[in-house]
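Engineer: data_38.tsv (TSV, C-alpha atoms) pasted underneath:
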chain	number	residue	atom	x	y	z
X	1	MET	CA	-19.84	22.73	3.58
X	2	ILE	CA	-18.04	19.90	1.82
X	3	LYS	CA	-15.95	17.49	3.83
X	4	ILE	CA	-12.62	16.20	2.58
X	5	TYR	CA	-12.20	12.51	3.34
X	6	LEU	CA	-9.13	10.26	3.34
X	7	PRO	CA	-9.99	8.01	0.39
X	8	GLU	CA	-9.51	4.27	0.00
X	9	LEU	CA	-5.90	3.78	-1.11
X	10	GLY	CA	-5.74	0.02	-1.45
X	11	GLU	CA	-6.83	-3.26	0.02
X	12	ASN	CA	-4.53	-3.37	3.03
X	13	ILE	CA	-4.11	0.34	3.65
X	14	THR	CA	-6.19	1.54	6.57
X	15	LYS	CA	-4.45	4.75	7.55
X	16	ALA	CA	-2.08	7.46	6.36
X	17	THR	CA	-0.01	10.24	7.89
X	18	ILE	CA	-0.82	13.81	6.90
X	19	SER	CA	2.45	14.99	5.40
X	20	TYR	CA	1.70	18.35	3.78
X	21	TRP	CA	-1.19	20.77	3.31
X	22	TYR	CA	-0.74	22.65	0.05
X	23	VAL	CA	-3.00	25.49	1.25
X	24	GLU	CA	-3.58	27.22	4.55
X	25	GLU	CA	-6.87	27.55	6.38
X	26	GLY	CA	-8.97	30.30	4.83
X	27	ALA	CA	-7.31	30.08	1.41
X	28	ALA	CA	-9.24	29.67	-1.81
X	29	VAL	CA	-9.06	26.33	-3.60
X	30	ALA	CA	-10.18	25.19	-7.03
X	31	GLU	CA	-11.80	21.83	-7.68
X	32	GLY	CA	-9.16	19.23	-8.51
X	33	ASP	CA	-6.24	21.20	-7.06
X	34	ASP	CA	-3.79	19.37	-4.83
X	35	LEU	CA	-5.05	19.97	-1.32
X	36	VAL	CA	-3.24	17.67	1.04
X	37	GLU	CA	-0.50	15.08	0.67
X	38	VAL	CA	-0.78	11.95	2.78
X	39	ALA	CA	1.94	9.35	3.25
X	40	THR	CA	1.46	5.61	3.56
X	41	ASP	CA	4.19	3.00	3.85
X	42	LYS	CA	3.74	2.43	0.09
X	43	ALA	CA	3.60	5.91	-1.45
X	44	THR	CA	2.52	9.48	-0.94
X	45	PHE	CA	-0.90	10.41	-2.29
X	46	ASN	CA	-2.25	13.83	-3.15
X	47	VAL	CA	-5.87	14.30	-2.12
X	48	PRO	CA	-7.51	16.79	-4.51
X	49	ALA	CA	-10.04	19.47	-3.58
X	50	PRO	CA	-13.52	17.97	-4.16
X	51	CYS	CA	-14.94	21.40	-5.08
X	52	SER	CA	-14.00	25.05	-5.46
X	53	GLY	CA	-14.30	27.33	-2.46
X	54	ALA	CA	-12.39	28.19	0.68
X	55	LEU	CA	-10.64	25.74	2.98
X	56	VAL	CA	-12.36	26.78	6.19
X	57	GLU	CA	-11.06	24.12	8.53
X	58	ILE	CA	-8.14	21.72	8.71
X	59	MET	CA	-9.12	18.85	11.00
X	60	ALA	CA	-6.12	16.55	10.48
X	61	HIS	CA	-2.85	18.39	10.83
X	62	GLU	CA	0.60	17.59	9.46
X	63	GLY	CA	2.01	14.64	11.40
X	64	ASP	CA	-1.43	13.33	12.40
X	65	VAL	CA	-2.41	9.81	11.45
X	66	ALA	CA	-5.85	9.56	9.83
X	67	GLN	CA	-7.95	6.47	9.16
X	68	VAL	CA	-9.44	5.80	5.73
X	69	GLY	CA	-12.80	7.59	5.61
X	70	GLU	CA	-11.81	10.13	8.26
X	71	VAL	CA	-12.54	13.82	7.63
X	72	LEU	CA	-9.33	15.76	6.95
X	73	GLY	CA	-10.84	19.19	6.50
X	74	VAL	CA	-13.82	21.21	5.32
X	75	ILE	CA	-14.34	23.42	2.28
X	76	ALA	CA	-17.00	26.13	2.13
X	77	GLU	CA	-18.23	25.79	-1.41
X	78	ASP	CA	-17.74	28.75	-3.71
X	79	THR	CA	-21.33	30.08	-3.59
X	80	VAL	CA	-20.80	32.67	-6.34
X	81	THR	CA	-19.67	29.97	-8.73
X	82	GLN	CA	-22.47	27.72	-7.55
X	83	GLU	CA	-25.13	30.45	-7.99
X	84	SER	CA	-23.78	31.35	-11.43
X	85	LYS	CA	-23.95	27.69	-12.36
X	86	GLU	CA	-27.53	27.44	-11.15
X	87	GLU	CA	-28.51	30.61	-13.02
X	88	GLY	CA	-26.82	29.24	-16.14
X	89	ASP	CA	-28.76	26.04	-15.78
X	90	THR	CA	-32.11	27.91	-15.80
X	91	PRO	CA	-33.74	27.74	-19.25
I	1	MET	CA	-12.04	0.07	-12.33
I	2	ILE	CA	-11.25	-3.40	-13.61
I	3	VAL	CA	-9.46	-3.43	-16.93
I	4	HIS	CA	-8.62	-6.55	-18.88
I	5	GLY	CA	-5.99	-7.12	-21.52
I	6	VAL	CA	-2.58	-5.77	-22.31
I	7	GLN	CA	-2.34	-1.97	-22.24
I	8	GLU	CA	0.04	0.30	-24.14
I	9	ALA	CA	2.79	2.19	-22.34
I	10	ARG	CA	5.18	4.67	-23.89
I	11	LEU	CA	8.83	4.17	-23.16
I	12	SER	CA	11.28	7.06	-22.92
I	13	ASP	CA	14.97	6.49	-22.42
I	14	LEU	CA	16.71	9.65	-21.29
I	15	GLY	CA	20.16	8.08	-20.96
I	16	LEU	CA	22.37	10.03	-18.54
I	17	VAL	CA	20.29	13.06	-17.61
I	18	ASP	CA	20.30	15.75	-14.94
I	19	TYR	CA	17.85	15.08	-12.11
I	20	LEU	CA	15.95	18.32	-12.67
I	21	GLU	CA	15.62	17.72	-16.41
I	22	ALA	CA	14.22	14.25	-15.74
I	23	LEU	CA	11.85	15.79	-13.19
I	24	ARG	CA	10.63	18.24	-15.83
I	25	VAL	CA	9.99	15.39	-18.30
I	26	GLN	CA	8.18	13.49	-15.53
I	27	GLN	CA	5.91	16.44	-14.79
I	28	GLU	CA	5.07	16.86	-18.48
I	29	THR	CA	4.36	13.16	-18.76
I	30	VAL	CA	2.18	13.11	-15.64
I	31	ALA	CA	0.05	15.87	-17.24
I	32	GLU	CA	-0.24	13.85	-20.49
I	33	VAL	CA	-1.19	10.62	-18.75
I	34	THR	CA	-3.68	12.41	-16.49
I	35	GLN	CA	-5.38	13.68	-19.64
I	36	GLY	CA	-5.73	10.18	-21.03
I	37	ALA	CA	-2.45	9.47	-22.84
I	38	PRO	CA	-1.11	5.89	-22.54
I	39	HIS	CA	0.90	4.96	-19.46
I	40	ALA	CA	4.56	5.96	-19.67
I	41	LEU	CA	7.84	4.68	-18.32
I	42	ILE	CA	10.99	6.80	-18.20
I	43	ALA	CA	14.33	5.02	-17.81
I	44	CYS	CA	17.49	7.00	-17.14
I	45	ARG	CA	20.60	7.47	-15.06
I	46	HIS	CA	21.54	10.61	-13.15
I	47	PRO	CA	24.85	12.31	-12.44
I	48	HIS	CA	25.75	12.11	-8.73
I	49	VAL	CA	23.07	13.92	-6.75
I	50	LEU	CA	21.40	13.95	-3.36
I	51	THR	CA	17.75	14.92	-3.14
I	52	VAL	CA	16.17	16.04	0.10
I	53	ASN	CA	12.57	16.81	0.99
I	54	ARG	CA	10.63	20.01	0.31
I	55	ARG	CA	11.68	21.46	3.65
I	56	CYS	CA	15.30	20.96	2.55
I	57	GLN	CA	16.07	19.00	5.72
I	58	THR	CA	19.67	17.85	5.56
I	59	ARG	CA	19.78	16.02	8.90
I	60	ASN	CA	20.54	12.69	7.20
I	61	ILE	CA	23.41	14.01	5.10
I	62	LEU	CA	26.40	12.76	7.05
I	63	ALA	CA	29.20	14.15	4.86
I	64	SER	CA	30.57	17.65	5.39
I	65	PRO	CA	30.06	20.27	2.65
I	66	SER	CA	33.70	19.88	1.62
I	67	ARG	CA	33.29	16.09	1.35
I	68	LEU	CA	30.17	16.61	-0.80
I	69	LEU	CA	32.22	18.82	-3.10
I	70	GLU	CA	34.99	16.24	-3.19
I	71	LEU	CA	32.47	13.56	-4.20
I	72	GLY	CA	30.88	15.87	-6.79
I	73	LEU	CA	27.49	15.51	-5.10
I	74	SER	CA	24.92	18.19	-5.88
I	75	VAL	CA	22.04	18.58	-3.43
I	76	TYR	CA	18.51	19.36	-4.62
I	77	CYS	CA	15.41	20.10	-2.58
I	78	ALA	CA	12.67	18.02	-4.20
I	79	HIS	CA	8.99	18.83	-3.76
I	80	ARG	CA	8.31	15.68	-1.82
I	81	GLY	CA	8.29	14.29	1.69
I	82	GLY	CA	10.63	11.59	2.95
I	83	GLU	CA	14.32	11.67	3.62
I	84	VAL	CA	17.55	12.01	1.67
I	85	THR	CA	18.08	9.91	-1.44
I	86	TYR	CA	21.20	9.34	-3.54
I	87	HIS	CA	21.18	8.96	-7.32
I	88	GLY	CA	24.21	8.38	-9.51
I	89	PRO	CA	25.35	7.02	-12.86
I	90	GLY	CA	25.81	3.54	-11.36
I	91	GLN	CA	22.04	3.22	-10.94
I	92	ILE	CA	19.21	2.72	-13.38
I	93	VAL	CA	16.22	4.80	-12.41
I	94	PHE	CA	12.74	3.90	-13.63
I	95	TYR	CA	9.97	6.47	-13.38
I	96	PRO	CA	6.64	4.73	-14.02
I	97	ILE	CA	3.95	7.26	-14.91
I	98	PHE	CA	1.05	4.83	-14.75
I	99	ASP	CA	-2.63	5.69	-14.47
I	100	LEU	CA	-3.93	3.47	-11.69
I	101	ASN	CA	-7.49	4.34	-12.70
I	102	ARG	CA	-6.75	1.93	-15.57
I	103	LEU	CA	-4.57	-0.57	-13.70
I	104	GLY	CA	-6.42	-0.81	-10.39
I	105	ARG	CA	-6.54	1.74	-7.58
I	106	ASP	CA	-4.38	-0.03	-5.06
I	107	LEU	CA	-1.06	1.46	-3.90
I	108	GLY	CA	-0.01	-1.77	-2.20
I	109	THR	CA	-0.48	-3.86	-5.33
I	110	PHE	CA	1.33	-1.28	-7.44
I	111	VAL	CA	4.41	-1.28	-5.19
I	112	TRP	CA	4.32	-5.09	-4.97
I	113	LYS	CA	4.41	-5.28	-8.78
I	114	LEU	CA	7.33	-2.84	-9.04
I	115	GLU	CA	9.28	-4.96	-6.56
I	116	GLU	CA	8.20	-8.15	-8.33
I	117	ALA	CA	9.60	-7.01	-11.70
I	118	VAL	CA	13.02	-6.41	-10.15
I	119	ILE	CA	12.92	-9.57	-8.04
I	120	ARG	CA	12.19	-11.71	-11.13
I	121	VAL	CA	15.22	-10.27	-12.94
I	122	LEU	CA	17.57	-10.73	-10.00
I	123	ARG	CA	16.26	-14.12	-8.95
I	124	ASP	CA	15.29	-15.80	-12.22
I	125	ASP	CA	17.88	-14.28	-14.59
I	126	LEU	CA	20.82	-13.65	-12.28
I	127	GLY	CA	20.35	-16.31	-9.62
I	128	LEU	CA	20.40	-13.90	-6.70
I	129	ASN	CA	18.37	-14.40	-3.54
I	130	ALA	CA	16.24	-11.31	-4.16
I	131	ARG	CA	13.40	-10.59	-1.77
I	132	ARG	CA	11.21	-8.03	-0.09
I	133	MET	CA	11.81	-6.89	3.48
I	134	GLU	CA	8.75	-7.02	5.74
I	135	GLY	CA	7.35	-3.55	6.39
I	136	GLN	CA	9.72	-1.80	3.98
I	137	ARG	CA	9.71	-0.80	0.33
I	138	GLY	CA	12.42	-1.94	-2.06
I	139	VAL	CA	14.32	-5.08	-2.99
I	140	TRP	CA	17.05	-6.80	-0.99
I	141	VAL	CA	19.65	-9.43	-1.83
I	142	GLY	CA	20.34	-11.16	1.44
I	143	PRO	CA	20.80	-8.33	3.97
I	144	TYR	CA	21.65	-5.73	1.29
I	145	LYS	CA	19.21	-3.28	-0.23
I	146	VAL	CA	19.74	-3.07	-4.00
I	147	ALA	CA	16.62	-1.22	-5.15
I	148	SER	CA	14.85	1.72	-3.53
I	149	ILE	CA	11.32	2.86	-4.20
I	150	GLY	CA	9.88	6.32	-3.59
I	151	LEU	CA	6.51	7.08	-5.13
I	152	GLY	CA	4.01	9.87	-5.39
I	153	VAL	CA	0.46	9.54	-6.69
I	154	LYS	CA	-1.64	12.39	-8.01
I	155	ARG	CA	-5.17	11.80	-9.31
I	156	TRP	CA	-4.17	8.14	-9.28
I	157	VAL	CA	-1.29	8.80	-11.71
I	158	THR	CA	2.04	7.64	-10.30
I	159	PHE	CA	5.35	9.50	-10.41
I	160	HIS	CA	8.86	9.26	-8.95
I	161	GLY	CA	9.94	5.65	-8.96
I	162	LEU	CA	12.51	2.96	-8.50
I	163	ALA	CA	16.32	3.13	-8.41
I	164	LEU	CA	18.29	-0.06	-8.97
I	165	ASN	CA	21.96	-0.10	-7.97
I	166	ILE	CA	24.08	-1.67	-10.70
I	167	SER	CA	27.55	-0.36	-9.89
I	168	SER	CA	27.16	2.43	-7.33
I	169	GLU	CA	30.22	3.01	-5.21
I	170	LYS	CA	29.81	2.60	-1.49
I	171	LYS	CA	31.43	5.96	-0.74
I	172	TYR	CA	28.37	7.81	-2.08
I	173	PHE	CA	25.99	5.97	0.22
I	174	GLU	CA	28.34	6.62	3.13
I	175	ALA	CA	27.66	10.32	2.65
I	176	ILE	CA	24.08	9.87	3.80
I	177	ARG	CA	21.75	7.86	5.98
I	178	PRO	CA	19.63	6.55	3.07
I	179	CYS	CA	15.91	7.19	3.59
I	180	GLY	CA	16.76	8.15	7.17
I	181	SER	CA	17.68	4.65	8.29
I	182	ASP	CA	20.85	2.63	8.72
I	183	VAL	CA	20.42	0.22	5.89
I	184	ALA	CA	23.19	-1.81	4.23
I	185	VAL	CA	23.22	-0.92	0.54
I	186	ALA	CA	24.83	-2.92	-2.27
I	187	SER	CA	24.97	-2.96	-6.06
I	188	ILE	CA	24.30	-5.89	-8.36
I	189	ASN	CA	27.87	-5.85	-9.63
I	190	ASP	CA	29.09	-6.37	-6.07
I	191	PHE	CA	27.85	-9.94	-6.40
I	192	PHE	CA	29.67	-10.88	-9.61
I	193	ASP	CA	33.26	-10.94	-10.78
I	194	GLU	CA	32.37	-9.76	-14.28
I	195	PRO	CA	30.45	-6.46	-14.31
I	196	LEU	CA	27.01	-6.63	-15.88
I	197	ARG	CA	26.05	-4.10	-18.51
I	198	PRO	CA	23.40	-1.62	-17.23
I	199	GLN	CA	21.62	-1.58	-20.56
I	200	GLY	CA	21.19	-5.35	-20.38
I	201	ILE	CA	19.73	-5.12	-16.87
I	202	ARG	CA	17.47	-2.29	-18.00
I	203	ASP	CA	16.12	-4.38	-20.88
I	204	ARG	CA	15.38	-7.30	-18.59
I	205	VAL	CA	13.58	-5.07	-16.07
I	206	LEU	CA	11.50	-3.62	-18.92
I	207	ASP	CA	10.58	-7.17	-20.02
I	208	LYS	CA	9.45	-7.95	-16.48
I	209	PHE	CA	7.49	-4.69	-16.21
I	210	GLU	CA	5.58	-5.76	-19.33
I	211	GLU	CA	4.97	-9.19	-17.83
I	212	VAL	CA	3.96	-8.11	-14.33
I	213	PHE	CA	1.84	-5.06	-15.25
I	214	GLU	CA	0.48	-6.60	-18.49
I	215	LEU	CA	1.82	-3.74	-20.60
I	216	ARG	CA	3.37	-3.44	-24.03
I	217	PHE	CA	6.01	-0.74	-24.41
I	218	THR	CA	6.25	1.40	-27.52
I	219	PRO	CA	8.75	4.25	-27.99
I	220	HIS	CA	7.45	7.64	-26.88
I	221	PRO	CA	6.47	9.56	-30.06
I	222	GLU	CA	8.34	12.67	-28.97
I	223	GLY	CA	11.51	10.67	-28.67
I	224	HIS	CA	12.59	11.52	-25.16
I	225	ALA	CA	15.73	9.56	-26.02
I	226	ARG	CA	17.28	12.80	-27.22
I	227	HIS	CA	19.85	12.62	-24.44
I	228	GLY	CA	21.33	9.59	-26.11
I	229	VAL	CA	20.82	5.96	-25.24
I	230	ASP	CA	24.38	5.36	-26.41
I	231	GLU	CA	25.53	6.95	-23.17
I	232	TRP	CA	24.78	3.69	-21.39
I	233	PRO	CA	28.12	2.19	-20.41
I	234	SER	CA	29.14	-0.98	-22.17
I	235	GLY	CA	30.54	-4.14	-20.63
I	236	GLY	CA	29.94	-7.86	-20.40
I	237	ILE	CA	26.58	-9.41	-19.69
I	238	PRO	CA	25.62	-13.06	-19.45
I	239	PRO	CA	22.98	-14.38	-21.84
I	240	HIS	CA	19.50	-14.90	-20.39
I	241	GLY	CA	19.51	-17.63	-17.81
I	242	GLU	CA	23.27	-18.02	-17.62
I	243	LYS	CA	24.62	-17.26	-14.19
I	244	THR	CA	27.88	-15.38	-13.86
I	245	GLU	CA	30.62	-16.03	-11.33
I	246	GLU	CA	29.28	-15.40	-7.87
I	247	LYS	CA	30.95	-13.41	-5.16
I	248	GLY	CA	29.99	-11.52	-2.03
I	249	PRO	CA	29.63	-7.76	-1.71
I	250	ARG	CA	32.81	-5.78	-1.75
I	251	GLY	CA	35.19	-8.63	-2.18
I	252	SER	CA	34.02	-11.12	0.43
I	253	THR	CA	34.50	-14.78	-0.52
I	254	ARG	CA	31.93	-16.96	-2.20
I	255	ARG	CA	31.64	-19.01	0.99
I	256	GLU	CA	30.81	-15.85	2.94
I	257	ALA	CA	28.32	-14.90	0.23
I	258	HIS	CA	26.52	-18.23	0.64
I	259	ASP	CA	26.60	-17.85	4.41
I	260	GLN	CA	24.75	-14.58	3.91
I	261	ASN	CA	22.25	-16.35	1.67
I	262	LEU	CA	22.86	-14.06	-1.30
I	263	PHE	CA	22.22	-16.61	-4.04
I	264	ALA	CA	19.01	-18.38	-4.87
As a first step, turn the structure in this file into structure tokens.
Structural biologist:
Amino acid sequence: MIKIYLPELGENITKATISYWYVEEGAAVAEGDDLVEVATDKATFNVPAPCSGALVEIMAHEGDVAQVGEVLGVIAEDTVTQESKEEGDTP
Amino acid sequence: MIVHGVQEARLSDLGLVDYLEALRVQQETVAEVTQGAPHALIACRHPHVLTVNRRCQTRNILASPSRLLELGLSVYCAHRGGEVTYHGPGQIVFYPIFDLNRLGRDLGTFVWKLEEAVIRVLRDDLGLNARRMEGQRGVWVGPYKVASIGLGVKRWVTFHGLALNISSEKKYFEAIRPCGSDVAVASINDFFDEPLRPQGIRDRVLDKFEEVFELRFTPHPEGHARHGVDEWPSGGIPPHGEKTEEKGPRGSTRREAHDQNLFA
């Protein structure tokens, strides 16, 4: 399980409002895809998926305010892809 | 990432361009910059248009559908959050597509610099009392908002941008509650007897962008200026540093203008 964190967005930004989840719980995601948009008083910021897999849990819902470093959701890593990678890595 | 020295940025001038066409160019440019191309800045003006958020919420459009038709205002649902925004040919819109991985990953600093570029033009070149408003984005002259900022950031590459009112008519802003709040909006030309030329203001803002962000603009190689830079309206403009005749917004007297602290 890979946690999705609200990243550091700048020196004086400590929190952000969850404005939009691009995918629903249970949906497949690919590494780097837009996952969730958060809004600060400066700009909106798209948090990308840290890995490929399935978004198994949304912990911060649209309208919620999250602190920097807080877990927004959880991705179950794509094990098939991971296993294939590991097999490919074997000499 | 700390980066030193002046960086290259590609400048595209789309002239008067449909909102959706400019959005398409923005999206293409975001993809290029994300893949390592130099930063980019798109300058343009839009025909009269209202943009609302991705849920197409129209609660802050105050005008009736027939009034919107009368004003020639199209309404687009943009894939963004936030509230209703007006764009029109009396504004200059700047879309900075900057990679903050190369300029510093700090949204607050980025917005401060955008505001600073505009403030330096209005304050230093035009003698206006330009300032920020605590807790809000944008630039004000006295109590009037003259520049609005709405930004998105994707993989630390910025998009959307800054709209500066040069000669926008009040009736368009009266059709909406801008950004969902009751804010007094004005245009730069409201403060002067002689209208300033948008192209001149644009050039000064570009100079300040270079100064504040430590960039050097070069024309975009694909020549996004295909829509014609000659579509910028002409008119008088004072030379650098020379102040024009002062007046208050919408015909108030100079005395009233000073009472409102509009001039630096």
Engineer: Could you give me, as a Markdown table, a per-residue list for chain I showing, wherever an atom lies at most 8 Å from an atom of chain X, the closest pair of atoms and their distance in Å to one decimal, using all atoms listed in the file and sorting by chain then residue number from low to high?
Structural biologist:
| residue | atom | partner | partner_atom | distance |
| --- | --- | --- | --- | --- |
| I:Gly81 | CA | X:Ser19 | CA | 7.0 |
| I:Arg105 | CA | X:Gly10 | CA | 6.4 |
| I:Asp106 | CA | X:Gly10 | CA | 3.9 |
| I:Leu107 | CA | X:Gly10 | CA | 5.5 |
| I:Gly108 | CA | X:Gly10 | CA | 6.0 |
| I:Thr109 | CA | X:Gly10 | CA | 7.6 |
| I:Val111 | CA | X:Lys42 | CA | 6.5 |
| I:Gly135 | CA | X:Asp41 | CA | 7.7 |
| I:Gln136 | CA | X:Asp41 | CA | 7.3 |
| I:Arg137 | CA | X:Lys42 | CA | 6.8 |
| I:Gly150 | CA | X:Ala43 | CA | 6.6 |
| I:Leu151 | CA | X:Ala43 | CA | 4.8 |
| I:Gly152 | CA | X:Thr44 | CA | 4.7 |
| I:Val153 | CA | X:Phe45 | CA | 4.7 |
| I:Lys154 | CA | X:Asn46 | CA | 5.1 |
| I:Arg155 | CA | X:Asn46 | CA | 7.1 |
Engineer: Around all the atoms of segment 54-67 of chain X listed in the file, with 8 Å of room on each side, what axis-aligned box do you get, giving centre and edge lengths in Å to one decimal, as JSON?
Structural biologist:
{"center_x": -5.2, "center_y": 17.3, "center_z": 6.5, "size_x": 30.4, "size_y": 37.7, "size_z": 27.7}
Engineer: Kindly give the distance, in Å, that separates atom CA of Asn261 of chain I and atom CA of Phe173 of chain I, rounded to a single decimal.
Structural biologist: 22.7 Å
Engineer: Which polymer residues, whether protein, DNA or RNA, lie within 8 Å of the coordinate (24.3, 3.7, -6.0) when you count all atoms listed in the file? List them as a list in words, using the chain letters and numbers from the file.
Structural biologist: Tyr86, His87, Gly88, Pro89, Gly90, Gln91, Leu164, Asn165, Ile166, Ser167, Ser168, Glu169, Lys170, Tyr172, Phe173, Ala186 and Ser187 of chain I
Engineer: Using all atoms listed in the file, find the one residue out of X:Leu6, X:Val29, X:Trp21, X:Ala54 that sits nearest to Ala76 of chain X.
Structural biologist: X:Ala54
Engineer: Please identify all polymer residues lying at most 9 Å from the point (7.6, 0.1, -8.3) (file coordinates), using all atoms listed in the file, and present the result as a short mmCIF file (atom, residue, chain, number, x, y, z; two decimals) with C-alpha atoms, in the coordinates of the input.
Structural biologist:
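Output file selection-v4.cif is given in full below:
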data_model
loop_
_atom_site.label_atom_id
_atom_site.label_comp_id
_atom_site.auth_asym_id
_atom_site.auth_seq_id
_atom_site.Cartn_x
_atom_site.Cartn_y
_atom_site.Cartn_z
CA PHE I 94 12.74 3.90 -13.63
CA TYR I 95 9.97 6.47 -13.38
CA PRO I 96 6.64 4.73 -14.02
CA PHE I 110 1.33 -1.28 -7.44
CA VAL I 111 4.41 -1.28 -5.19
CA TRP I 112 4.32 -5.09 -4.97
CA LYS I 113 4.41 -5.28 -8.78
CA LEU I 114 7.33 -2.84 -9.04
CA GLU I 115 9.28 -4.96 -6.56
CA GLU I 116 8.20 -8.15 -8.33
CA ALA I 117 9.60 -7.01 -11.70
CA VAL I 118 13.02 -6.41 -10.15
CA ARG I 137 9.71 -0.80 0.33
CA GLY I 138 12.42 -1.94 -2.06
CA SER I 148 14.85 1.72 -3.53
CA ILE I 149 11.32 2.86 -4.20
CA GLY I 150 9.88 6.32 -3.59
CA LEU I 151 6.51 7.08 -5.13
CA GLY I 161 9.94 5.65 -8.96
CA LEU I 162 12.51 2.96 -8.50
#
Engineer: For segment 75-77 of chain I, find every residue with an atom within 7 Å (counting all atoms listed in the file), except residues of its own chain fewer than 2 positions away, and show them as JSON, numbers by chain.
Structural biologist: {"I": [49, 50, 51, 52, 53, 54, 56, 73, 79]}
Engineer: As a tab-separated table (two decimals), in the coordinates of the input, please: segment 33-48 of chain X completed to N, CA and C atoms.
Structural biologist:
chain	number	residue	atom	x	y	z
X	33	ASP	N	-7.57	20.78	-7.50
X	33	ASP	CA	-6.24	21.20	-7.06
X	33	ASP	C	-5.71	20.25	-5.98
X	34	ASP	N	-4.38	20.13	-5.94
X	34	ASP	CA	-3.79	19.37	-4.83
X	34	ASP	C	-4.11	20.10	-3.53
X	35	LEU	N	-4.65	19.34	-2.57
X	35	LEU	CA	-5.05	19.97	-1.32
X	35	LEU	C	-4.16	19.51	-0.17
X	36	VAL	N	-4.03	18.21	-0.07
X	36	VAL	CA	-3.24	17.67	1.04
X	36	VAL	C	-2.53	16.40	0.58
X	37	GLU	N	-1.27	16.29	0.98
X	37	GLU	CA	-0.50	15.08	0.67
X	37	GLU	C	-0.51	14.19	1.90
X	38	VAL	N	-0.83	12.92	1.68
X	38	VAL	CA	-0.78	11.95	2.78
X	38	VAL	C	0.26	10.89	2.45
X	39	ALA	N	0.88	10.36	3.47
X	39	ALA	CA	1.94	9.35	3.25
X	39	ALA	C	1.52	8.02	3.85
X	40	THR	N	1.64	6.97	3.05
X	40	THR	CA	1.46	5.61	3.56
X	40	THR	C	2.83	4.93	3.50
X	41	ASP	N	2.89	3.69	3.95
X	41	ASP	CA	4.19	3.00	3.85
X	41	ASP	C	4.47	2.58	2.41
X	42	LYS	N	3.54	2.80	1.50
X	42	LYS	CA	3.74	2.43	0.09
X	42	LYS	C	4.10	3.62	-0.79
X	43	ALA	N	3.41	4.75	-0.58
X	43	ALA	CA	3.60	5.91	-1.45
X	43	ALA	C	2.96	7.12	-0.80
X	44	THR	N	3.28	8.29	-1.36
X	44	THR	CA	2.52	9.48	-0.94
X	44	THR	C	1.38	9.67	-1.93
X	45	PHE	N	0.30	10.27	-1.47
X	45	PHE	CA	-0.90	10.41	-2.29
X	45	PHE	C	-1.45	11.82	-2.10
X	46	ASN	N	-1.69	12.49	-3.22
X	46	ASN	CA	-2.25	13.83	-3.15
X	46	ASN	C	-3.77	13.77	-3.19
X	47	VAL	N	-4.40	14.26	-2.14
X	47	VAL	CA	-5.87	14.30	-2.12
X	47	VAL	C	-6.29	15.62	-2.77
X	48	PRO	N	-7.11	15.56	-3.83
X	48	PRO	CA	-7.51	16.79	-4.51
X	48	PRO	C	-8.71	17.46	-3.84
